Amino acid sequence: MTVLFLFWVLCLSLIDVRVHRLPDQLTLPGAAVAAAWALAHDPTWILGGVGWAGIYLLTGVVVGGIGGGDIKFALGLGIVAASAAPAAWVGAVVGASIVSLAGSRVLRGGRGGEIPHGPGMAIATVVAIAA
């Protein structure tokens with residue numbers, strides 16, 4: 001399952017970097033597989049996905065800047081992060097914004113501008129689970 005997860009986040013990250021979009025054809029099946037896996041092991045992990053996606057949905061509605069692909073990607077990532085530990089889930093959610101902000105500073109030289117958020121979400125989740 002680990003190899004499949006890493007392949008999924010790598011594919012989505014590369015696509016997001018290239019076209020600034022996280023396609024439904026990959027985010028939704030990934031979230032479905034994560035949910036099925038959670039149902040087989042501990043259904044409460046699904047709350048991690050719903051929680052992260054909910055935070056992003058609310059942020060997108062109130063502030064903007066969060067796309068639908070990010071919300072759907074958060075659903076699957078949140079389930080997997082919750083499976084590791086509550087602290088891993090918090091680390092992934094908070095870390096995603098930190099990694100993306102740091103990436104923006106480095107890639108844009110502090111000038112602002114948009115960078116894809118999917119890679120930051122993926123990196124933060126992988127690091128949080130590994131920690």
# chains A, B, ... in the order shown; residues from 1 in each chain; ligands from 1

$ residues_around --residues "Ala82 (chain A)" --least-positions-apart "2" --cutoff "8 Å" --atoms "only C-alpha atoms" --output "PyMOL selection string"
chain A and resi 45-49+78-80+84-86+88-89

$ write_last_selection --atoms "N, CA, C and O atoms" --output "PDB file, in the first residue's frame"
ATOM      1  N   TRP A  45     -10.543   6.785  10.589  1.00  0.00           N
ATOM      2  CA  TRP A  45      -9.543   7.490   9.784  1.00  0.00           C
ATOM      3  C   TRP A  45     -10.200   8.356   8.720  1.00  0.00           C
ATOM      4  O   TRP A  45      -9.635   9.356   8.286  1.00  0.00           O
ATOM      5  N   ILE A  46     -11.395   7.972   8.299  1.00  0.00           N
ATOM      6  CA  ILE A  46     -12.108   8.752   7.282  1.00  0.00           C
ATOM      7  C   ILE A  46     -12.376  10.165   7.780  1.00  0.00           C
ATOM      8  O   ILE A  46     -12.389  11.110   6.994  1.00  0.00           O
ATOM      9  N   LEU A  47     -12.530  10.309   9.087  1.00  0.00           N
ATOM     10  CA  LEU A  47     -12.735  11.647   9.653  1.00  0.00           C
ATOM     11  C   LEU A  47     -11.549  12.566   9.354  1.00  0.00           C
ATOM     12  O   LEU A  47     -11.722  13.781   9.211  1.00  0.00           O
ATOM     13  N   GLY A  48     -10.362  12.006   9.271  1.00  0.00           N
ATOM     14  CA  GLY A  48      -9.181  12.800   8.929  1.00  0.00           C
ATOM     15  C   GLY A  48      -9.293  13.387   7.530  1.00  0.00           C
ATOM     16  O   GLY A  48      -8.947  14.543   7.299  1.00  0.00           O
ATOM     17  N   GLY A  49      -9.787  12.594   6.593  1.00  0.00           N
ATOM     18  CA  GLY A  49      -9.980  13.081   5.234  1.00  0.00           C
ATOM     19  C   GLY A  49     -11.084  14.107   5.150  1.00  0.00           C
ATOM     20  O   GLY A  49     -10.931  15.162   4.522  1.00  0.00           O
ATOM     21  N   GLY A  78      -5.794  13.152   3.889  1.00  0.00           N
ATOM     22  CA  GLY A  78      -6.218  13.227   5.284  1.00  0.00           C
ATOM     23  C   GLY A  78      -6.505  11.859   5.879  1.00  0.00           C
ATOM     24  O   GLY A  78      -6.204  11.600   7.050  1.00  0.00           O
ATOM     25  N   ILE A  79      -7.086  10.975   5.083  1.00  0.00           N
ATOM     26  CA  ILE A  79      -7.347   9.614   5.554  1.00  0.00           C
ATOM     27  C   ILE A  79      -6.032   8.904   5.854  1.00  0.00           C
ATOM     28  O   ILE A  79      -5.865   8.292   6.914  1.00  0.00           O
ATOM     29  N   VAL A  80      -5.100   9.006   4.932  1.00  0.00           N
ATOM     30  CA  VAL A  80      -3.818   8.318   5.112  1.00  0.00           C
ATOM     31  C   VAL A  80      -3.048   8.915   6.290  1.00  0.00           C
ATOM     32  O   VAL A  80      -2.479   8.179   7.110  1.00  0.00           O
ATOM     33  N   ALA A  84      -1.851   7.210  10.425  1.00  0.00           N
ATOM     34  CA  ALA A  84      -0.548   7.163  11.091  1.00  0.00           C
ATOM     35  C   ALA A  84      -0.675   7.549  12.566  1.00  0.00           C
ATOM     36  O   ALA A  84      -0.163   6.860  13.437  1.00  0.00           O
ATOM     37  N   ALA A  85      -1.341   8.672  12.819  1.00  0.00           N
ATOM     38  CA  ALA A  85      -1.526   9.169  14.192  1.00  0.00           C
ATOM     39  C   ALA A  85      -2.181  10.534  14.119  1.00  0.00           C
ATOM     40  O   ALA A  85      -2.035  11.239  13.109  1.00  0.00           O
ATOM     41  N   PRO A  86      -2.862  10.947  15.176  1.00  0.00           N
ATOM     42  CA  PRO A  86      -3.432  12.305  15.177  1.00  0.00           C
ATOM     43  C   PRO A  86      -2.369  13.386  14.958  1.00  0.00           C
ATOM     44  O   PRO A  86      -2.608  14.356  14.242  1.00  0.00           O
ATOM     45  N   ALA A  88       0.341  13.106  13.225  1.00  0.00           N
ATOM     46  CA  ALA A  88       0.727  13.085  11.808  1.00  0.00           C
ATOM     47  C   ALA A  88      -0.300  13.844  10.985  1.00  0.00           C
ATOM     48  O   ALA A  88       0.060  14.568  10.056  1.00  0.00           O
ATOM     49  N   TRP A  89      -1.581  13.693  11.315  1.00  0.00           N
ATOM     50  CA  TRP A  89      -2.631  14.422  10.607  1.00  0.00           C
ATOM     51  C   TRP A  89      -2.443  15.937  10.772  1.00  0.00           C
ATOM     52  O   TRP A  89      -2.454  16.675   9.797  1.00  0.00           O
TER      53      TRP A  89
END

$ residues_around --residues "Gly67 (chain A)" --least-positions-apart "2" --cutoff "9 Å" --atoms "only C-alpha atoms" --output "MDAnalysis selection string"
chainID A and resid 21:22 56:57 60 64:65 69:72

$ select_by_dssp --residues "chain A" --states "helix (DSSP H, G or I)" --output "PyMOL selection string"
chain A and resi 2-19+24-41+43-62+68-84+86-108+118-130

$ closest_residue --among "A:Ala81, A:Ile115, A:Arg105, A:Phe73" --to "Ile129 (chain A)" --atoms "only C-alpha atoms"
A:Ala81

$ residues_around --residues "Ile15 (chain A)" --least-positions-apart "4" --cutoff "12 Å" --atoms "only C-alpha atoms" --output "list in words"
Trp8, Val9, Leu10, Cys11, Val19, His20, Arg21, Leu22, Pro23, Asp24, Gln25, Leu26, Thr27, Gly69, Pro116, His117, Gly118 and Pro119 of chain A

$ write_last_selection --atoms "all heavy atoms" --output "tab-separated table (two decimals), in the first residue's frame"
chain	number	residue	atom	x	y	z
A	8	TRP	N	0.89	7.52	-6.20
A	8	TRP	CA	-0.27	8.40	-6.35
A	8	TRP	C	0.11	9.86	-6.06
A	8	TRP	O	-0.18	10.75	-6.86
A	8	TRP	CB	-1.38	7.91	-5.41
A	8	TRP	CG	-2.63	8.73	-5.41
A	8	TRP	CD1	-3.47	8.97	-6.46
A	8	TRP	CD2	-3.21	9.40	-4.29
A	8	TRP	NE1	-4.54	9.73	-6.05
A	8	TRP	CE2	-4.40	10.01	-4.73
A	8	TRP	CE3	-2.84	9.53	-2.95
A	8	TRP	CZ2	-5.22	10.75	-3.88
A	8	TRP	CZ3	-3.67	10.25	-2.10
A	8	TRP	CH2	-4.83	10.85	-2.57
A	9	VAL	N	0.78	10.11	-4.94
A	9	VAL	CA	1.12	11.50	-4.61
A	9	VAL	C	2.17	12.05	-5.56
A	9	VAL	O	2.15	13.24	-5.89
A	9	VAL	CB	1.53	11.69	-3.13
A	9	VAL	CG1	0.40	11.32	-2.20
A	9	VAL	CG2	2.79	10.95	-2.77
A	10	LEU	N	3.08	11.21	-6.03
A	10	LEU	CA	4.09	11.67	-6.98
A	10	LEU	C	3.44	12.06	-8.31
A	10	LEU	O	3.72	13.13	-8.86
A	10	LEU	CB	5.16	10.60	-7.21
A	10	LEU	CG	6.24	10.94	-8.24
A	10	LEU	CD1	7.04	12.16	-7.80
A	10	LEU	CD2	7.15	9.75	-8.48
A	11	CYS	N	2.56	11.21	-8.81
A	11	CYS	CA	1.87	11.51	-10.08
A	11	CYS	C	1.08	12.81	-9.96
A	11	CYS	O	1.16	13.69	-10.84
A	11	CYS	CB	0.94	10.37	-10.48
A	11	CYS	SG	1.79	8.91	-11.06
A	19	VAL	N	0.65	21.52	-14.90
A	19	VAL	CA	-0.56	22.17	-15.44
A	19	VAL	C	-1.36	22.94	-14.40
A	19	VAL	O	-2.43	23.46	-14.71
A	19	VAL	CB	-1.48	21.15	-16.16
A	19	VAL	CG1	-0.77	20.52	-17.34
A	19	VAL	CG2	-2.01	20.10	-15.21
A	20	HIS	N	-0.86	23.02	-13.17
A	20	HIS	CA	-1.55	23.72	-12.08
A	20	HIS	C	-2.98	23.23	-11.90
A	20	HIS	O	-3.92	24.01	-11.73
A	20	HIS	CB	-1.53	25.24	-12.30
A	20	HIS	CG	-0.18	25.83	-12.10
A	20	HIS	ND1	0.13	26.58	-11.01
A	20	HIS	CD2	0.96	25.74	-12.82
A	20	HIS	CE1	1.40	26.96	-11.07
A	20	HIS	NE2	1.92	26.45	-12.17
A	21	ARG	N	-3.11	21.91	-11.89
A	21	ARG	CA	-4.43	21.30	-11.74
A	21	ARG	C	-4.25	19.90	-11.18
A	21	ARG	O	-3.33	19.17	-11.58
A	21	ARG	CB	-5.12	21.24	-13.10
A	21	ARG	CG	-6.52	20.75	-13.06
A	21	ARG	CD	-7.19	20.92	-14.43
A	21	ARG	NE	-8.54	20.41	-14.40
A	21	ARG	CZ	-8.87	19.12	-14.44
A	21	ARG	NH1	-7.92	18.21	-14.54
A	21	ARG	NH2	-10.12	18.75	-14.39
A	22	LEU	N	-5.13	19.52	-10.26
A	22	LEU	CA	-5.16	18.17	-9.73
A	22	LEU	C	-6.42	17.50	-10.30
A	22	LEU	O	-7.53	17.82	-9.89
A	22	LEU	CB	-5.21	18.19	-8.19
A	22	LEU	CG	-3.95	18.71	-7.51
A	22	LEU	CD1	-4.22	19.01	-6.04
A	22	LEU	CD2	-2.83	17.71	-7.65
A	23	PRO	N	-6.25	16.60	-11.26
A	23	PRO	CA	-7.40	16.05	-11.98
A	23	PRO	C	-8.25	15.09	-11.14
A	23	PRO	O	-7.73	14.28	-10.38
A	23	PRO	CB	-6.77	15.32	-13.17
A	23	PRO	CG	-5.39	15.00	-12.72
A	23	PRO	CD	-4.98	16.09	-11.78
A	24	ASP	N	-9.57	15.21	-11.34
A	24	ASP	CA	-10.52	14.33	-10.66
A	24	ASP	C	-10.23	12.86	-10.94
A	24	ASP	O	-10.47	12.00	-10.09
A	24	ASP	CB	-11.95	14.63	-11.13
A	24	ASP	CG	-12.45	15.98	-10.67
A	24	ASP	OD1	-11.80	16.61	-9.81
A	24	ASP	OD2	-13.50	16.42	-11.17
A	25	GLN	N	-9.71	12.56	-12.15
A	25	GLN	CA	-9.45	11.18	-12.54
A	25	GLN	C	-8.42	10.51	-11.63
A	25	GLN	O	-8.31	9.28	-11.61
A	25	GLN	CB	-8.96	11.09	-13.99
A	25	GLN	CG	-9.99	11.53	-15.00
A	25	GLN	CD	-9.94	13.05	-15.27
A	25	GLN	OE1	-9.35	13.82	-14.51
A	25	GLN	NE2	-10.59	13.47	-16.34
A	26	LEU	N	-7.64	11.31	-10.90
A	26	LEU	CA	-6.67	10.74	-9.95
A	26	LEU	C	-7.00	11.04	-8.50
A	26	LEU	O	-6.75	10.21	-7.63
A	26	LEU	CB	-5.26	11.25	-10.27
A	26	LEU	CG	-4.65	10.77	-11.58
A	26	LEU	CD1	-3.29	11.41	-11.81
A	26	LEU	CD2	-4.53	9.26	-11.60
A	27	THR	N	-7.55	12.23	-8.22
A	27	THR	CA	-7.84	12.56	-6.82
A	27	THR	C	-8.98	11.72	-6.26
A	27	THR	O	-8.89	11.21	-5.14
A	27	THR	CB	-8.19	14.06	-6.66
A	27	THR	OG1	-9.28	14.39	-7.52
A	27	THR	CG2	-6.99	14.94	-6.94
A	69	GLY	N	-9.46	20.74	-6.74
A	69	GLY	CA	-8.52	19.62	-6.74
A	69	GLY	C	-7.80	19.48	-5.42
A	69	GLY	O	-7.58	18.37	-4.93
A	116	PRO	N	1.67	25.68	-7.42
A	116	PRO	CA	0.73	24.59	-7.12
A	116	PRO	C	0.85	24.14	-5.67
A	116	PRO	O	1.96	24.07	-5.12
A	116	PRO	CB	1.15	23.49	-8.09
A	116	PRO	CG	2.54	23.81	-8.49
A	116	PRO	CD	2.68	25.30	-8.38
A	117	HIS	N	-0.28	23.88	-5.05
A	117	HIS	CA	-0.30	23.49	-3.64
A	117	HIS	C	-0.20	21.97	-3.46
A	117	HIS	O	0.22	21.51	-2.40
A	117	HIS	CB	-1.59	24.03	-3.01
A	117	HIS	CG	-1.69	23.82	-1.53
A	117	HIS	ND1	-0.68	24.16	-0.65
A	117	HIS	CD2	-2.70	23.30	-0.78
A	117	HIS	CE1	-1.06	23.86	0.58
A	117	HIS	NE2	-2.28	23.33	0.52
A	118	GLY	N	-0.55	21.20	-4.48
A	118	GLY	CA	-0.52	19.74	-4.37
A	118	GLY	C	0.81	19.17	-3.91
A	118	GLY	O	0.84	18.32	-3.01
A	119	PRO	N	1.93	19.63	-4.48
A	119	PRO	CA	3.22	19.09	-4.02
A	119	PRO	C	3.48	19.39	-2.54
A	119	PRO	O	4.00	18.52	-1.82
A	119	PRO	CB	4.25	19.79	-4.91
A	119	PRO	CG	3.49	20.10	-6.16
A	119	PRO	CD	2.10	20.44	-5.70

$ closest_residue --among "A:Gly76, A:Gly103, A:Gly68, A:Pro43" --to "Val17 (chain A)" --atoms "only C-alpha atoms"
A:Gly103

$ closest_residue --among "A:Ile66, A:Val126, A:Ala131, A:Ala87" --to "Thr2 (chain A)" --atoms "only C-alpha atoms"
A:Val126

$ closest_residue --among "A:Leu75, A:Ile98, A:Leu107, A:Ala92" --to "Gly51 (chain A)" --atoms "only C-alpha atoms"
A:Leu75
